[in-house]
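Trainee: Let me begin by handing over the structure; questions about it come next.
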Amino acid sequence: MDAILTHENADLDALAALVGAKKIYPQARAVLPHRLNRNVRDFVALYADALALTRADELTRDALRDILIVDSQASPSARGIDKKTRLHFLDHHPLARVLRAGDTFSGGDVGATTTLLVEEIREKNLALASLEATALLLGIYEDTGSLLYGTTTPRDARAAAYLLEQDARLDIVRDFLHHPLTDEQRALYQDLLEHTETLDLDGHSIAIAAARAPKYAEEVASLAHQLREVYDPAALFVLVQMQDHIQLVARSDRDAIDVAEIARVFGGRGHPRAAAALIQDATLKQTKTKLLKLLRATIKPSVTVQQIMSTGAQTLEPQASVTHAAEMMRRYGHEGFPVVQRNKLVGVLTRREIDRALQHHLGNAPVKNFMRQPISVSPDDSLEKLRAVMIETDLGQVPVVDKKKIVGIVTRTDLFKQSAAVRAPQAKNLTASLEKNLSPSLLKLLRAASETARELGFSLYIVGGFVRDLLLNQPNLDLDLVVEGDAIALAQNLQKKLGGRVHAHARFGTANWVELEKLTSQLRGAAHLINHLDFATARREFYAHPSALPEVERSSIKQDLLRRDFTINTLALALDPDRFGQLLDLFGGEADLQRGLIRVLHNLSFIEDPTRILRAVRFESRLNFKIEERTAQLIGDALEMLPRVSGERVRAELALIFEERDPAKAMLRLNELGVLKAIHPALAFSDWHAARFRAINQPKPAFYWGVWMFELRPAQIQEVAHHLMLSNEIRDTILQAIGLLSHRDALSAQKVTPSVLVRILDPISEDAREIFSIALDEPHVRVNLARYHDEWRLIAAELNCDDLKQMGIPPSPRYREILTRLRDARLDGRVSSRAEEEDYVQQISAEWNRSIAR
């Protein structure tokens with residue numbers, strides 16, 4: 001890199017970016033622009049030499065082949081730059097320009113460009129002097145409002161913490177970050193303050209400040225920062241009339257308000273959150289009028305209550321008892337309920353009122369005696385209005401009413417999550433991935449289902465493992481469809497329209513749409529890949545006691561996802577026609593996928609369902625992820641709950657592990673976490689078990705169970721089999737396998753008498769023999785068992801009972817002994833033909849006759 005440049009009117013982030021880039025490219029010249037903000041100018045006056053910065057007029061005319069432009073995406077103008085110069089842009093805002101061939105851009109979702117450079121400095125383990133660390137910290141603090149702006153990310157905070165560890169000086173940061181205003185700036189600031197107009201546009205609070213300056217006003221951006229502190233608007237526009245132009249400075253903290261788009265209309269530039277323009281040949285009044293018209297035309301509507309509320313609100317009747325209300329709160333975890341009479345909202349009840357009534361022993365009293373006046377918002381209300389209602393009423397759960405009917409509930413948590421989402425990237429759309437991984441006919445089928453759902457007033461989603469695996473580029477066809485509405489009604493409507501057959505399960509609110517090969521012609525091709533679709537009504541779960549099976553009831557998609565086990569399984573794809581393929585990520589599932597973490601949704605997850613412990617390990621092993629630290633702690637805390645779970649459910653989870661590609665990996669982890677001993681004290685899984693598991697060529701469940709329990713005593717096997725409700729067949733197979741240990745010497749001998757081995761192995765099932773062979777892993781055992789399977793068990797005597805009778809031997813129980821000895825002789829090579837068999841029978845008969853004669 002030959003040189004490092006940044007934008008004119010450089011702020012502290014631009015300066016810090018020069019310092020950071022110079023550290024990474026020490027051979028490059030870090031060039032200060034001609035115009036610097038006043039606090040930057042003062043800092044440079046003191047420390048430029050120590051930081052090895054080059055002033056613009058010191059730059060020679062030598063050709064620059066590669067230059068790095070930091071904190072800017074504007075084409076630079078400096079000595080030595082020509083058409084052959086390759087430009088490399090580094091900025092914390094999304095790319096907003098066209099790159100030439102050979103040019104590059106890098107960036108990241110952070111609050112300050114300096115953060116990106118600090119991360120690289122840390123990764124390269126480059127030493128920082130205290131002054132360098134201070135300059136870098138100044139850049140991060142200025143662009144993130146000392147880590148308080150909505151655009152601040154955890155990466156900015158980590159970078160700042162690292163710089164403090166490198167002895168960044170907070171006293172210097174404070175001095176230059178809060179530089180005092182000049183007399184002229186104070187006068188202009190006061191004028192702007194007095195002439196600031198605030199207005200509400202589509203639920204957004206907009207502030208417009210306009211004033212005249214008698215002469216050129218320096219650092220209007222600094223004044224804009226202070227005005228934001230006073231008004232805290234969604235967007236601020238500052239207009240300052242100077243001698244020959246108007247300066248526009250714009251700031252936004254909402255994705256819906258792109259100030260760069262507005263500044264471009266006035267001939268300016270910037271990025272969606274910050275922009276500026278110099279406006280000529282216009283009066284202040286004309287500019288403000290044009291700005292207002294532009295704002296009304298370009299500002300996107302804010303998020304409404306309808307977009308964040310939950311449908312299917314739980315309600316109470318006025319005559320319900322306080323005790324019943326308390327039980328409802330415990331059951332659902334709510335902090336309050338709407339009180340409804342004949343479908344009309346008549347009041348709201350909060351936990352405070354319930355607790356107060358119970359404290360006075362009024363549990364049998366009706367809730368109407370304690371409820372507050374009805375408070376509500378409408379689905380179309382802005383979040384600003386919702387926030388104001390919550391603050392004014394101190395109500396954490398506000399009913400949503402449309403046409404005098406309750407249609408949902410909205411909570412402080414909903415509002416907080418939406419506030420966090422303001423600075424999050426726009427929801428990802430995976431339509432392209434669906435088109436890549438699903439057949440056209442199956443996609444048509446899903447679109448037909450979504451259209452039918454919309455006609456019924458429902459919303460349709462794909463949820464869970466399919467979405468997770470799609471994001472991991474490991475797609476499958478295990479489609480779980482959740483209906484925000486009535487799954488059975490949707491499936492039945494699809495059957496009427498398109499064909500097939502529906503199996504409905506009213507108790508669970510689920511429906512199976514089967515026989516897809518009978519669909520209309522344009523959709524029939526879907527059946528080549530999938531012959532049924534399963535629909536489930538969105539539902540919530542609650543547990544009567546720890547480790548109990550859940551009770552379910554109809555709810556919203558948000559509540560449906562909340563009942564799931566891990567964040568990575570809470571991902572959903574909307575199939576509504578107007579947002580087909582949009583990713584719904586309410587609980588950070590995509591971020592955990594990217595980090596490779598298995599994380600539960602709440603602290604009681606393993607208490608409510610301890611079998612999730614085994615699922616956590618199964619997913620960790622399959623995906624090569626790591627169980628998140630707090631989740632691992634919760635597993636340890638919940639181990640004592642495993643014995644309360646039915647053995648059948650535990651066995652089912654273990655069986656799923658045995659179906660994984662490498663079950664040994666998961667089993668080792670279960671042993672490490674203490675899960676196996678919590679299931680039964682005799683259970684363990686060692687490296688020996690792992691090696692034996694991996695030697696299984698035919699993955700039959702009985703083989704895994706048998707090898708795992710091969711070292712247990714018969715009584716322990718009986719106990720484990722009883723607890724886990726193993727089938728009698730598998731239990732007996734395992735017992736047979738370990739029973740062969742008493743014949744180990746015979747079975748492992750290099751020279752064997754075939755008849756001896758046949759008598760041992762004939763009563764033993766093929767699965768038991770295979771378990772014994774895998775577990776012992778002895779060459780001669782494998783050879784002998786293979787010979788038994790391939791040769792010896794197939795050998796039989798030619799003579800039978802009829803032949804013995806024809807030979808004059810009277811029928812008797814001794815026929816069995818004769819035929820057994822005859823087969824032994826065949827196996828051991830003592831007879832090899834029918835004639836020899838007949839001679840041998842005569843010998844046996846003669847022996848018996850002599851024995852009788854004696």
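Chain identifiers are assigned as A, B, and so on, following the order in which chains appear in the structure tokens; residues are numbered from 1 within each chain, and ligands are numbered from 1 in order of appearance.
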Using only C-alpha atoms, determine which residues lie at most 10 Å from Ala825 (chain A), disregarding the query and same-chain residues fewer than 2 positions distant; provide the list as a list in words.

Mentor: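 Once the adjacent positions are removed, what remains is Pro754, Ser755, Ala796, Ala797, Leu819, Thr820, Arg821, Leu822, Arg823, Leu827, Asp828, Gly829, Arg830, Val831, Ser832, Glu836, Glu837 and Tyr840 of chain A.
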
Trainee: Within 8 Å of region 407-415 of chain A, which residues of region 381-401 of chain A come that close, and what is the closest atom pair and distance in Å for each? Count only C-alpha atoms and give it as CSV.

Mentor:
residue,atom,partner,partner_atom,distance
A:Leu383,CA,A:Leu415,CA,7.5
A:Arg387,CA,A:Leu415,CA,7.7
A:Met390,CA,A:Arg412,CA,7.9
A:Gly396,CA,A:Arg412,CA,5.3
A:Gln397,CA,A:Thr411,CA,4.4
A:Val398,CA,A:Val410,CA,5.4
A:Pro399,CA,A:Ile409,CA,4.6
A:Val400,CA,A:Gly408,CA,5.0
A:Val401,CA,A:Val407,CA,5.7

Trainee: Asn343 (chain A): which residues within 9 Å, counting only C-alpha atoms, same-chain residues fewer than 6 positions away excluded, as a PyMOL selection string?

Mentor: chain A and resi 404-406

Trainee: Among region 166-341 of chain A, which ones does DSSP assign to alpha helix (DSSP H) (computed from the backbone)? Answer as a PyMOL selection string.

Mentor: chain A and resi 170-177+183-194+220-231+259-265+284-298+305-308+322-332

Trainee: Which residues are near Glu629 (chain A)? Cut-off 12 Å, only C-alpha atoms, ignore same chain within fewer than 6 positions. Put them as a list of chain:residue names.

Mentor: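 Those residues are A:Leu597, A:Ile598, A:Arg599, A:Val600, A:Ile635, A:Gly636.
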
Trainee: Let me see the file: selected residues, N, CA and C atoms, as a PDB file, in the first residue's frame.

Mentor:
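Result file result09.pdb:
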ATOM      1  N   LEU A 597     -23.070 -22.614  17.922  1.00  0.00           N
ATOM      2  CA  LEU A 597     -23.446 -22.791  19.326  1.00  0.00           C
ATOM      3  C   LEU A 597     -24.808 -23.465  19.447  1.00  0.00           C
ATOM      4  N   ILE A 598     -24.913 -24.353  20.438  1.00  0.00           N
ATOM      5  CA  ILE A 598     -26.197 -24.921  20.842  1.00  0.00           C
ATOM      6  C   ILE A 598     -26.604 -24.188  22.111  1.00  0.00           C
ATOM      7  N   ARG A 599     -27.738 -23.471  22.055  1.00  0.00           N
ATOM      8  CA  ARG A 599     -28.158 -22.635  23.183  1.00  0.00           C
ATOM      9  C   ARG A 599     -29.661 -22.849  23.435  1.00  0.00           C
ATOM     10  N   VAL A 600     -30.021 -23.048  24.718  1.00  0.00           N
ATOM     11  CA  VAL A 600     -31.445 -23.161  25.054  1.00  0.00           C
ATOM     12  C   VAL A 600     -32.078 -21.778  25.093  1.00  0.00           C
ATOM     13  N   ILE A 635     -27.372 -27.827  31.899  1.00  0.00           N
ATOM     14  CA  ILE A 635     -27.423 -29.291  31.776  1.00  0.00           C
ATOM     15  C   ILE A 635     -26.984 -29.935  33.089  1.00  0.00           C
ATOM     16  N   GLY A 636     -25.871 -29.450  33.641  1.00  0.00           N
ATOM     17  CA  GLY A 636     -25.394 -29.993  34.911  1.00  0.00           C
ATOM     18  C   GLY A 636     -26.419 -29.838  36.021  1.00  0.00           C
TER      19      GLY A 636
END

Trainee: List as a list in words the protein and nucleic acid residues near Ile67 (chain A), meaning an atom at most 10 Å away when only C-alpha atoms are counted, but skip any in the same chain fewer than 4 places from it.

Mentor: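 Non-adjacent residues within range: Met1, Asp2, Ala3, Ile4, Leu5, Ala28, Arg29, Ala30, Pro76, Ile81, Thr85, Arg86, Leu87, His88, Phe89 and Asp103 of chain A.
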
Trainee: Residues of the last selection are to be written out with C-alpha atoms, as a CSV table (one decimal), in the first residue's frame.

Mentor:
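Ended up saving to result28.csv:
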chain,number,residue,atom,x,y,z
A,1,MET,CA,0.0,0.0,0.0
A,2,ASP,CA,1.5,3.4,-1.1
A,3,ALA,CA,-0.8,5.8,0.8
A,4,ILE,CA,-3.7,6.0,3.2
A,5,LEU,CA,-6.3,8.7,2.6
A,28,ALA,CA,2.4,3.6,3.5
A,29,ARG,CA,2.0,7.3,4.1
A,30,ALA,CA,-1.0,8.2,6.2
A,76,PRO,CA,-9.9,10.8,-3.6
A,81,ILE,CA,-3.3,9.5,-8.2
A,85,THR,CA,-4.2,3.8,-9.3
A,86,ARG,CA,-6.0,0.9,-7.5
A,87,LEU,CA,-8.4,2.1,-4.9
A,88,HIS,CA,-9.1,0.0,-1.8
A,89,PHE,CA,-12.0,1.3,0.3
A,103,ASP,CA,-10.7,-1.7,-6.9

Trainee: Which is closest to Arg122 (chain A) among A:Met329, A:Ala16, A:Ile246, A:Ile24, if we use only C-alpha atoms?

Mentor: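 Answer, going by the shortest atom-to-atom distance: A:Ile24.
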
Trainee: Using only C-alpha atoms, which of A:Glu142, A:Lys385, A:Ala504, A:Leu278 sits nearest Arg264 (chain A)?

Mentor: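 Among the listed residues, A:Leu278 lies closest to Arg264 (chain A).
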
Trainee: For Arg228 (chain A), please output as a list in words all residues within 9 Å (counting only C-alpha atoms; exclusion window: fewer than 6 positions along the same chain).

Mentor: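 The residues that qualify are Ala207, Ala235, Leu236 and Arg251 of chain A.
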
Trainee: Can you work out which one of A:Gly270, A:Pro610, A:Gly739, A:Pro233 has the shortest atom-to-atom distance to Ser72 (chain A), counting only C-alpha atoms?

Mentor: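 Answer, going by the shortest atom-to-atom distance: A:Gly270.
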
Trainee: Excluding Thr60 (chain A) and its own-chain neighbours fewer than 4 positions away, which residues fall within 10 Å of it when counting only C-alpha atoms? Please give them as a ChimeraX atom specification.

Mentor: /A:56,64,78-80

Trainee: Any chance you could list, as a PyMOL selection string, the residues in region 322-431 of chain A that come up strand (DSSP E) when DSSP is run on the backbone?

Mentor: chain A and resi 336-341+344-350+397-402+405-411

Trainee: Generate the output file for the selected residues, N, CA and C atoms, as a compact mmCIF listing (two decimals), in the first residue's frame.

Mentor:
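Dumped to out_29.txt:
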# COMPACT_ATOMS: atom_id res chain seq x y z
N GLY A 336 -49.92 -9.91 33.25
CA GLY A 336 -51.25 -9.30 33.31
C GLY A 336 -52.15 -9.87 32.23
N PHE A 337 -53.45 -9.57 32.34
CA PHE A 337 -54.42 -10.08 31.39
C PHE A 337 -55.45 -9.00 31.06
N PRO A 338 -55.94 -8.96 29.82
CA PRO A 338 -57.12 -8.15 29.53
C PRO A 338 -58.34 -8.81 30.18
N VAL A 339 -59.26 -8.00 30.65
CA VAL A 339 -60.52 -8.51 31.18
C VAL A 339 -61.61 -8.20 30.15
N VAL A 340 -62.32 -9.24 29.72
CA VAL A 340 -63.23 -9.13 28.59
C VAL A 340 -64.61 -9.63 28.97
N GLN A 341 -65.62 -8.89 28.55
CA GLN A 341 -67.00 -9.30 28.76
C GLN A 341 -67.75 -9.19 27.44
N LYS A 344 -65.84 -7.70 24.58
CA LYS A 344 -65.46 -6.30 24.70
C LYS A 344 -64.49 -6.11 25.86
N LEU A 345 -63.43 -5.33 25.61
CA LEU A 345 -62.45 -5.04 26.66
C LEU A 345 -63.08 -4.14 27.72
N VAL A 346 -63.10 -4.61 28.97
CA VAL A 346 -63.69 -3.81 30.05
C VAL A 346 -62.66 -3.43 31.11
N GLY A 347 -61.44 -3.96 31.02
CA GLY A 347 -60.42 -3.60 32.00
C GLY A 347 -59.15 -4.39 31.76
N VAL A 348 -58.12 -4.07 32.54
CA VAL A 348 -56.86 -4.83 32.51
C VAL A 348 -56.47 -5.14 33.95
N LEU A 349 -55.86 -6.29 34.12
CA LEU A 349 -55.44 -6.75 35.45
C LEU A 349 -53.96 -7.06 35.41
N THR A 350 -53.18 -6.54 36.36
CA THR A 350 -51.75 -6.78 36.39
C THR A 350 -51.38 -7.61 37.62
N GLN A 397 -48.05 -5.12 29.44
CA GLN A 397 -48.74 -5.91 28.42
C GLN A 397 -50.00 -5.15 28.03
N VAL A 398 -50.03 -4.65 26.79
CA VAL A 398 -51.13 -3.79 26.35
C VAL A 398 -52.00 -4.55 25.36
N PRO A 399 -53.31 -4.62 25.61
CA PRO A 399 -54.20 -5.26 24.64
C PRO A 399 -54.23 -4.49 23.32
N VAL A 400 -54.38 -5.21 22.22
CA VAL A 400 -54.50 -4.61 20.90
C VAL A 400 -55.96 -4.81 20.46
N VAL A 401 -56.64 -3.70 20.21
CA VAL A 401 -58.07 -3.74 19.90
C VAL A 401 -58.32 -3.20 18.50
N ASP A 402 -59.10 -3.94 17.73
CA ASP A 402 -59.49 -3.52 16.38
C ASP A 402 -60.99 -3.71 16.24
N LYS A 405 -62.79 -5.24 19.19
CA LYS A 405 -62.51 -6.63 19.50
C LYS A 405 -61.02 -6.82 19.74
N ILE A 406 -60.66 -7.57 20.78
CA ILE A 406 -59.25 -7.84 21.07
C ILE A 406 -58.68 -8.77 20.00
N VAL A 407 -57.61 -8.33 19.36
CA VAL A 407 -56.99 -9.14 18.31
C VAL A 407 -55.59 -9.60 18.68
N GLY A 408 -55.07 -9.12 19.83
CA GLY A 408 -53.73 -9.54 20.21
C GLY A 408 -53.27 -8.85 21.48
N ILE A 409 -52.02 -9.08 21.79
CA ILE A 409 -51.38 -8.48 22.97
C ILE A 409 -49.98 -8.07 22.58
N VAL A 410 -49.48 -6.96 23.11
CA VAL A 410 -48.12 -6.51 22.81
C VAL A 410 -47.44 -6.18 24.13
N THR A 411 -46.18 -6.59 24.26
CA THR A 411 -45.48 -6.50 25.55
C THR A 411 -44.24 -5.63 25.46

Trainee: Tell me which of A:Met641, A:Leu15, A:Leu68, A:Val463 sits closest to Asn569 (chain A), counting only C-alpha atoms.

Mentor: A:Val463

Trainee: Which one of A:Tyr189, A:Phe508, A:Trp848, A:Phe693 sits closest to Ile774 (chain A) if you count only C-alpha atoms?

Mentor: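 For Ile774 (chain A), the nearest of the given residues is A:Phe693.
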